>>> print(open('input.csv').read())   # CSV, N, CA and C atoms
chain,number,residue,atom,x,y,z
A,86,MET,N,0.8,-1.2,0.0
A,86,MET,CA,0.0,0.0,0.0
A,86,MET,C,0.9,1.2,0.0
A,87,ALA,N,0.7,2.1,-1.0
A,87,ALA,CA,1.5,3.3,-1.1
A,87,ALA,C,0.9,4.4,-0.3
A,88,ASP,N,1.7,4.9,0.6
A,88,ASP,CA,1.2,6.0,1.5
A,88,ASP,C,1.3,7.3,0.7
A,89,LYS,N,0.3,8.2,0.8
A,89,LYS,CA,0.3,9.5,0.2
A,89,LYS,C,1.4,10.4,0.9
A,90,MET,N,2.0,11.2,0.1
A,90,MET,CA,3.0,12.1,0.6
A,90,MET,C,2.6,13.5,0.1
A,91,ILE,N,3.1,14.5,0.8
A,91,ILE,CA,2.9,15.9,0.4
A,91,ILE,C,4.3,16.6,0.5
A,92,LYS,N,4.5,17.6,-0.4
A,92,LYS,CA,5.7,18.4,-0.4
A,92,LYS,C,5.4,19.7,0.3
A,93,VAL,N,6.2,20.1,1.3
A,93,VAL,CA,6.0,21.3,2.0
A,93,VAL,C,7.2,22.2,1.8
A,94,THR,N,7.0,23.4,1.3
A,94,THR,CA,8.1,24.3,1.0
A,94,THR,C,7.9,25.6,1.9
A,95,LEU,N,9.0,26.0,2.5
A,95,LEU,CA,9.0,27.2,3.3
A,95,LEU,C,9.2,28.4,2.3
A,96,VAL,N,8.2,29.2,2.2
A,96,VAL,CA,8.2,30.3,1.2
A,96,VAL,C,8.3,31.7,1.9
A,97,LYS,N,8.1,31.8,3.2
A,97,LYS,CA,8.2,33.0,3.9
A,97,LYS,C,9.0,32.8,5.2
A,98,SER,N,9.8,33.8,5.5
A,98,SER,CA,10.7,33.7,6.6
A,98,SER,C,10.0,33.7,8.0
A,99,THR,N,10.6,33.0,8.9
A,99,THR,CA,10.0,32.9,10.3
A,99,THR,C,10.4,34.0,11.1
A,100,ILE,N,11.2,34.9,10.6
A,100,ILE,CA,11.6,36.1,11.4
A,100,ILE,C,10.3,36.9,11.7
A,101,GLY,N,10.0,37.2,12.9
A,101,GLY,CA,8.9,38.0,13.3
A,101,GLY,C,7.6,37.1,13.6
A,102,ALA,N,7.8,35.8,13.3
A,102,ALA,CA,6.6,34.9,13.6
A,102,ALA,C,6.6,34.6,15.1
A,103,ILE,N,5.4,34.2,15.5
A,103,ILE,CA,5.4,33.9,17.0
A,103,ILE,C,6.1,32.6,17.2
A,104,PRO,N,6.7,32.5,18.4
A,104,PRO,CA,7.6,31.3,18.7
A,104,PRO,C,6.9,30.0,18.5
A,105,LYS,N,5.7,29.8,18.7
A,105,LYS,CA,5.0,28.5,18.4
A,105,LYS,C,5.1,28.2,17.0
A,106,HIS,N,4.9,29.2,16.1
A,106,HIS,CA,5.0,28.9,14.7
A,106,HIS,C,6.4,28.6,14.2
A,107,LYS,N,7.4,29.2,14.8
A,107,LYS,CA,8.8,28.9,14.5
A,107,LYS,C,9.1,27.5,14.9
A,108,LYS,N,8.6,27.0,16.0
A,108,LYS,CA,8.8,25.6,16.4
A,108,LYS,C,8.1,24.6,15.5
A,109,THR,N,6.9,25.0,15.1
A,109,THR,CA,6.2,24.1,14.2
A,109,THR,C,6.9,24.0,12.8
A,110,VAL,N,7.4,25.1,12.3
A,110,VAL,CA,8.1,25.0,11.0
A,110,VAL,C,9.4,24.2,11.2
A,111,GLU,N,10.1,24.3,12.3
A,111,GLU,CA,11.3,23.5,12.5
A,111,GLU,C,10.9,22.0,12.7
A,112,ALA,N,9.8,21.7,13.4
A,112,ALA,CA,9.4,20.4,13.6
A,112,ALA,C,9.0,19.7,12.2
A,113,LEU,N,8.5,20.5,11.3
A,113,LEU,CA,8.2,20.0,10.0
A,113,LEU,C,9.5,19.6,9.2
A,114,GLY,N,10.6,20.0,9.7
A,114,GLY,CA,11.9,19.7,9.0
A,114,GLY,C,12.4,20.8,8.1
A,115,LEU,N,11.8,22.0,8.2
A,115,LEU,CA,12.2,23.1,7.4
A,115,LEU,C,13.1,24.0,8.1
A,116,ARG,N,14.3,24.2,7.6
A,116,ARG,CA,15.3,25.0,8.3
A,116,ARG,C,15.6,26.3,7.5
A,117,LYS,N,15.6,26.2,6.2
A,117,LYS,CA,16.0,27.4,5.4
A,117,LYS,C,14.9,27.7,4.4
A,118,LEU,N,14.9,29.0,4.0
A,118,LEU,CA,13.9,29.5,3.0
A,118,LEU,C,14.0,28.7,1.7
A,119,ASN,N,12.8,28.4,1.1
A,119,ASN,CA,12.7,27.8,-0.2
A,119,ASN,C,13.2,26.3,-0.2
A,120,LYS,N,13.3,25.7,1.0
A,120,LYS,CA,13.7,24.3,1.1
A,120,LYS,C,12.4,23.5,1.1
A,121,THR,N,12.4,22.3,0.6
A,121,THR,CA,11.2,21.4,0.5
A,121,THR,C,11.5,20.1,1.2
A,122,VAL,N,10.5,19.6,1.9
A,122,VAL,CA,10.5,18.3,2.5
A,122,VAL,C,9.3,17.5,2.1
A,123,GLU,N,9.4,16.2,2.0
A,123,GLU,CA,8.3,15.3,1.7
A,123,GLU,C,7.9,14.7,3.0
A,124,LEU,N,6.6,14.9,3.4
A,124,LEU,CA,6.0,14.3,4.6
A,124,LEU,C,4.8,13.5,4.3
A,125,PRO,N,4.5,12.5,5.2
A,125,PRO,CA,3.3,11.7,5.0
A,125,PRO,C,2.1,12.6,5.2
A,126,ASP,N,1.1,12.2,4.3
A,126,ASP,CA,-0.2,13.0,4.4
A,126,ASP,C,-1.1,12.4,5.4
A,127,ASN,N,-0.9,12.8,6.6
A,127,ASN,CA,-1.8,12.3,7.7
A,127,ASN,C,-2.4,13.5,8.5
A,128,ALA,N,-3.2,13.2,9.5
A,128,ALA,CA,-3.9,14.3,10.2
A,128,ALA,C,-2.9,15.1,11.0
A,129,SER,N,-1.9,14.6,11.6
A,129,SER,CA,-0.9,15.4,12.4
A,129,SER,C,-0.1,16.3,11.5
A,130,THR,N,0.3,15.8,10.4
A,130,THR,CA,1.1,16.7,9.5
A,130,THR,C,0.2,17.8,8.9
A,131,ARG,N,-1.0,17.4,8.5
A,131,ARG,CA,-2.0,18.4,8.0
A,131,ARG,C,-2.3,19.5,9.0
A,132,GLY,N,-2.4,19.1,10.3
A,132,GLY,CA,-2.6,20.1,11.4
A,132,GLY,C,-1.5,21.1,11.6
A,133,MET,N,-0.3,20.5,11.5
A,133,MET,CA,0.9,21.4,11.6
A,133,MET,C,1.0,22.4,10.4
A,134,VAL,N,0.7,21.9,9.2
A,134,VAL,CA,0.8,22.7,8.0
A,134,VAL,C,-0.3,23.8,8.1
A,135,GLN,N,-1.5,23.4,8.6
A,135,GLN,CA,-2.6,24.4,8.7
A,135,GLN,C,-2.2,25.5,9.7
A,136,GLN,N,-1.5,25.2,10.7
A,136,GLN,CA,-1.1,26.2,11.7
A,136,GLN,C,-0.1,27.3,11.1
A,137,VAL,N,0.7,26.8,10.1
A,137,VAL,CA,1.7,27.8,9.5
A,137,VAL,C,1.4,28.0,8.0
A,138,ARG,N,0.1,27.9,7.6
A,138,ARG,CA,-0.2,28.0,6.2
A,138,ARG,C,0.2,29.3,5.6
A,139,HIS,N,0.4,30.3,6.3
A,139,HIS,CA,0.8,31.6,5.8
A,139,HIS,C,2.3,31.6,5.5
A,140,LEU,N,3.1,30.6,5.9
A,140,LEU,CA,4.5,30.6,5.7
A,140,LEU,C,5.0,29.5,4.7
A,141,VAL,N,4.1,28.6,4.4
A,141,VAL,CA,4.5,27.4,3.6
A,141,VAL,C,3.6,27.3,2.4
A,142,LYS,N,4.1,26.5,1.4
A,142,LYS,CA,3.3,26.1,0.2
A,142,LYS,C,3.3,24.6,0.2
A,143,VAL,N,2.1,24.0,-0.1
A,143,VAL,CA,1.9,22.6,0.0
A,143,VAL,C,1.5,22.1,-1.4
A,144,GLU,N,2.1,21.0,-1.8
A,144,GLU,CA,1.8,20.3,-3.1
A,144,GLU,C,1.7,18.8,-2.9
A,145,GLU,N,0.9,18.2,-3.7
A,145,GLU,CA,0.8,16.7,-3.7
A,145,GLU,C,2.1,16.2,-4.3
A,146,ALA,N,2.6,15.1,-3.6
A,146,ALA,CA,3.9,14.5,-4.1
A,146,ALA,C,3.6,13.3,-5.0
>>> encode(input="input.csv", output="structure tokens")
Amino acid sequence: MADKMIKVTLVKSTIGAIPKHKKTVEALGLRKLNKTVELPDNASTRGMVQQVRHLVKVEEA
């Protein structure tokens, strides 16, 4: 069974973001601007992405 994946790209800097959002972006595995990570498409990942949706871009992988 192939698990669905999503590509998450950091498109806006976390400078000036609230500390909770900075930690969420770091927990997603995003360290630098314009870097992309592939993550499993599950409820916990979707919740984290939803919290920082103004900082990231999401695509189907």
>>> residues_around(input="input.csv", residues="region 125-141 of chain A", least_positions_apart="6", cutoff="10 Å", atoms="only C-alpha atoms", output="list in words")
Asp88, Lys89, Met90, Ile91, Lys92, Val93, Thr94, Leu95, Val96, Lys97, Ser98, Thr99, Ala102, Lys105, His106, Lys107, Thr109, Val110, Ala112, Leu113, Leu115, Leu118 and Asn119 of chain A
>>> write_last_selection(input="input.csv", atoms="N, CA and C atoms", output="short mmCIF file (atom, residue, chain, number, x, y, z; two decimals), keeping the file's coordinate frame")
data_model
loop_
_atom_site.label_atom_id
_atom_site.label_comp_id
_atom_site.auth_asym_id
_atom_site.auth_seq_id
_atom_site.Cartn_x
_atom_site.Cartn_y
_atom_site.Cartn_z
N ASP A 88 1.70 4.90 0.60
CA ASP A 88 1.20 6.00 1.50
C ASP A 88 1.30 7.30 0.70
N LYS A 89 0.30 8.20 0.80
CA LYS A 89 0.30 9.50 0.20
C LYS A 89 1.40 10.40 0.90
N MET A 90 2.00 11.20 0.10
CA MET A 90 3.00 12.10 0.60
C MET A 90 2.60 13.50 0.10
N ILE A 91 3.10 14.50 0.80
CA ILE A 91 2.90 15.90 0.40
C ILE A 91 4.30 16.60 0.50
N LYS A 92 4.50 17.60 -0.40
CA LYS A 92 5.70 18.40 -0.40
C LYS A 92 5.40 19.70 0.30
N VAL A 93 6.20 20.10 1.30
CA VAL A 93 6.00 21.30 2.00
C VAL A 93 7.20 22.20 1.80
N THR A 94 7.00 23.40 1.30
CA THR A 94 8.10 24.30 1.00
C THR A 94 7.90 25.60 1.90
N LEU A 95 9.00 26.00 2.50
CA LEU A 95 9.00 27.20 3.30
C LEU A 95 9.20 28.40 2.30
N VAL A 96 8.20 29.20 2.20
CA VAL A 96 8.20 30.30 1.20
C VAL A 96 8.30 31.70 1.90
N LYS A 97 8.10 31.80 3.20
CA LYS A 97 8.20 33.00 3.90
C LYS A 97 9.00 32.80 5.20
N SER A 98 9.80 33.80 5.50
CA SER A 98 10.70 33.70 6.60
C SER A 98 10.00 33.70 8.00
N THR A 99 10.60 33.00 8.90
CA THR A 99 10.00 32.90 10.30
C THR A 99 10.40 34.00 11.10
N ALA A 102 7.80 35.80 13.30
CA ALA A 102 6.60 34.90 13.60
C ALA A 102 6.60 34.60 15.10
N LYS A 105 5.70 29.80 18.70
CA LYS A 105 5.00 28.50 18.40
C LYS A 105 5.10 28.20 17.00
N HIS A 106 4.90 29.20 16.10
CA HIS A 106 5.00 28.90 14.70
C HIS A 106 6.40 28.60 14.20
N LYS A 107 7.40 29.20 14.80
CA LYS A 107 8.80 28.90 14.50
C LYS A 107 9.10 27.50 14.90
N THR A 109 6.90 25.00 15.10
CA THR A 109 6.20 24.10 14.20
C THR A 109 6.90 24.00 12.80
N VAL A 110 7.40 25.10 12.30
CA VAL A 110 8.10 25.00 11.00
C VAL A 110 9.40 24.20 11.20
N ALA A 112 9.80 21.70 13.40
CA ALA A 112 9.40 20.40 13.60
C ALA A 112 9.00 19.70 12.20
N LEU A 113 8.50 20.50 11.30
CA LEU A 113 8.20 20.00 10.00
C LEU A 113 9.50 19.60 9.20
N LEU A 115 11.80 22.00 8.20
CA LEU A 115 12.20 23.10 7.40
C LEU A 115 13.10 24.00 8.10
N LEU A 118 14.90 29.00 4.00
CA LEU A 118 13.90 29.50 3.00
C LEU A 118 14.00 28.70 1.70
N ASN A 119 12.80 28.40 1.10
CA ASN A 119 12.70 27.80 -0.20
C ASN A 119 13.20 26.30 -0.20
#
>>> select_by_dssp(input="input.csv", residues="chain A", states="helix (DSSP H, G or I)", output="list in words")
Pro104, Lys105, His106, Lys107, Lys108, Thr109, Val110, Glu111, Ala112, Ala128, Ser129, Thr130, Arg131, Gly132, Met133, Val134, Gln135 and Gln136 of chain A
>>> select_by_dssp(input="input.csv", residues="chain A", states="strand (DSSP E)", output="list of chain:residue names")
A:Met90, A:Ile91, A:Lys92, A:Val93, A:Thr94, A:Leu95, A:Thr121, A:Val122, A:Glu123, A:Leu124, A:Pro125, A:Val141, A:Lys142, A:Val143, A:Glu144, A:Glu145
>>> atom_distance(input="input.csv", atom1="atom C of Val143 (chain A)", atom2="CA of Val122 (chain A)")
10.5 Å
>>> build_atoms(input="input.csv", residues="region 90-113 of chain A", atoms="N, CA, C and O atoms", output="mmCIF file, keeping the file's coordinate frame")
data_model
loop_
_atom_site.group_PDB
_atom_site.id
_atom_site.type_symbol
_atom_site.label_atom_id
_atom_site.label_comp_id
_atom_site.auth_asym_id
_atom_site.auth_seq_id
_atom_site.Cartn_x
_atom_site.Cartn_y
_atom_site.Cartn_z
ATOM 1 N N MET A 90 2.000 11.200 0.100
ATOM 2 C CA MET A 90 3.000 12.100 0.600
ATOM 3 C C MET A 90 2.600 13.500 0.100
ATOM 4 O O MET A 90 1.954 13.722 -0.934
ATOM 5 N N ILE A 91 3.100 14.500 0.800
ATOM 6 C CA ILE A 91 2.900 15.900 0.400
ATOM 7 C C ILE A 91 4.300 16.600 0.500
ATOM 8 O O ILE A 91 5.138 16.234 1.269
ATOM 9 N N LYS A 92 4.500 17.600 -0.400
ATOM 10 C CA LYS A 92 5.700 18.400 -0.400
ATOM 11 C C LYS A 92 5.400 19.700 0.300
ATOM 12 O O LYS A 92 4.422 20.403 -0.138
ATOM 13 N N VAL A 93 6.200 20.100 1.300
ATOM 14 C CA VAL A 93 6.000 21.300 2.000
ATOM 15 C C VAL A 93 7.200 22.200 1.800
ATOM 16 O O VAL A 93 8.316 21.723 2.013
ATOM 17 N N THR A 94 7.000 23.400 1.300
ATOM 18 C CA THR A 94 8.100 24.300 1.000
ATOM 19 C C THR A 94 7.900 25.600 1.900
ATOM 20 O O THR A 94 6.862 26.156 1.909
ATOM 21 N N LEU A 95 9.000 26.000 2.500
ATOM 22 C CA LEU A 95 9.000 27.200 3.300
ATOM 23 C C LEU A 95 9.200 28.400 2.300
ATOM 24 O O LEU A 95 10.236 28.515 1.689
ATOM 25 N N VAL A 96 8.200 29.200 2.200
ATOM 26 C CA VAL A 96 8.200 30.300 1.200
ATOM 27 C C VAL A 96 8.300 31.700 1.900
ATOM 28 O O VAL A 96 8.522 32.703 1.200
ATOM 29 N N LYS A 97 8.100 31.800 3.200
ATOM 30 C CA LYS A 97 8.200 33.000 3.900
ATOM 31 C C LYS A 97 9.000 32.800 5.200
ATOM 32 O O LYS A 97 8.934 31.793 5.809
ATOM 33 N N SER A 98 9.800 33.800 5.500
ATOM 34 C CA SER A 98 10.700 33.700 6.600
ATOM 35 C C SER A 98 10.000 33.700 8.000
ATOM 36 O O SER A 98 8.875 34.208 8.087
ATOM 37 N N THR A 99 10.600 33.000 8.900
ATOM 38 C CA THR A 99 10.000 32.900 10.300
ATOM 39 C C THR A 99 10.400 34.000 11.100
ATOM 40 O O THR A 99 9.960 34.096 12.307
ATOM 41 N N ILE A 100 11.200 34.900 10.600
ATOM 42 C CA ILE A 100 11.600 36.100 11.400
ATOM 43 C C ILE A 100 10.300 36.900 11.700
ATOM 44 O O ILE A 100 9.562 37.266 10.770
ATOM 45 N N GLY A 101 10.000 37.200 12.900
ATOM 46 C CA GLY A 101 8.900 38.000 13.300
ATOM 47 C C GLY A 101 7.600 37.100 13.600
ATOM 48 O O GLY A 101 6.631 37.608 14.022
ATOM 49 N N ALA A 102 7.800 35.800 13.300
ATOM 50 C CA ALA A 102 6.600 34.900 13.600
ATOM 51 C C ALA A 102 6.600 34.600 15.100
ATOM 52 O O ALA A 102 7.615 34.733 15.746
ATOM 53 N N ILE A 103 5.400 34.200 15.500
ATOM 54 C CA ILE A 103 5.400 33.900 17.000
ATOM 55 C C ILE A 103 6.100 32.600 17.200
ATOM 56 O O ILE A 103 6.287 31.757 16.343
ATOM 57 N N PRO A 104 6.700 32.500 18.400
ATOM 58 C CA PRO A 104 7.600 31.300 18.700
ATOM 59 C C PRO A 104 6.900 30.000 18.500
ATOM 60 O O PRO A 104 7.620 29.030 18.013
ATOM 61 N N LYS A 105 5.700 29.800 18.700
ATOM 62 C CA LYS A 105 5.000 28.500 18.400
ATOM 63 C C LYS A 105 5.100 28.200 17.000
ATOM 64 O O LYS A 105 5.253 27.009 16.614
ATOM 65 N N HIS A 106 4.900 29.200 16.100
ATOM 66 C CA HIS A 106 5.000 28.900 14.700
ATOM 67 C C HIS A 106 6.400 28.600 14.200
ATOM 68 O O HIS A 106 6.602 27.735 13.336
ATOM 69 N N LYS A 107 7.400 29.200 14.800
ATOM 70 C CA LYS A 107 8.800 28.900 14.500
ATOM 71 C C LYS A 107 9.100 27.500 14.900
ATOM 72 O O LYS A 107 9.736 26.765 14.090
ATOM 73 N N LYS A 108 8.600 27.000 16.000
ATOM 74 C CA LYS A 108 8.800 25.600 16.400
ATOM 75 C C LYS A 108 8.100 24.600 15.500
ATOM 76 O O LYS A 108 8.644 23.570 15.226
ATOM 77 N N THR A 109 6.900 25.000 15.100
ATOM 78 C CA THR A 109 6.200 24.100 14.200
ATOM 79 C C THR A 109 6.900 24.000 12.800
ATOM 80 O O THR A 109 7.009 22.874 12.312
ATOM 81 N N VAL A 110 7.400 25.100 12.300
ATOM 82 C CA VAL A 110 8.100 25.000 11.000
ATOM 83 C C VAL A 110 9.400 24.200 11.200
ATOM 84 O O VAL A 110 9.698 23.311 10.330
ATOM 85 N N GLU A 111 10.100 24.300 12.300
ATOM 86 C CA GLU A 111 11.300 23.500 12.500
ATOM 87 C C GLU A 111 10.900 22.000 12.700
ATOM 88 O O GLU A 111 11.622 21.150 12.222
ATOM 89 N N ALA A 112 9.800 21.700 13.400
ATOM 90 C CA ALA A 112 9.400 20.400 13.600
ATOM 91 C C ALA A 112 9.000 19.700 12.200
ATOM 92 O O ALA A 112 9.047 18.482 12.098
ATOM 93 N N LEU A 113 8.500 20.500 11.300
ATOM 94 C CA LEU A 113 8.200 20.000 10.000
ATOM 95 C C LEU A 113 9.500 19.600 9.200
ATOM 96 O O LEU A 113 9.414 18.983 8.132
#
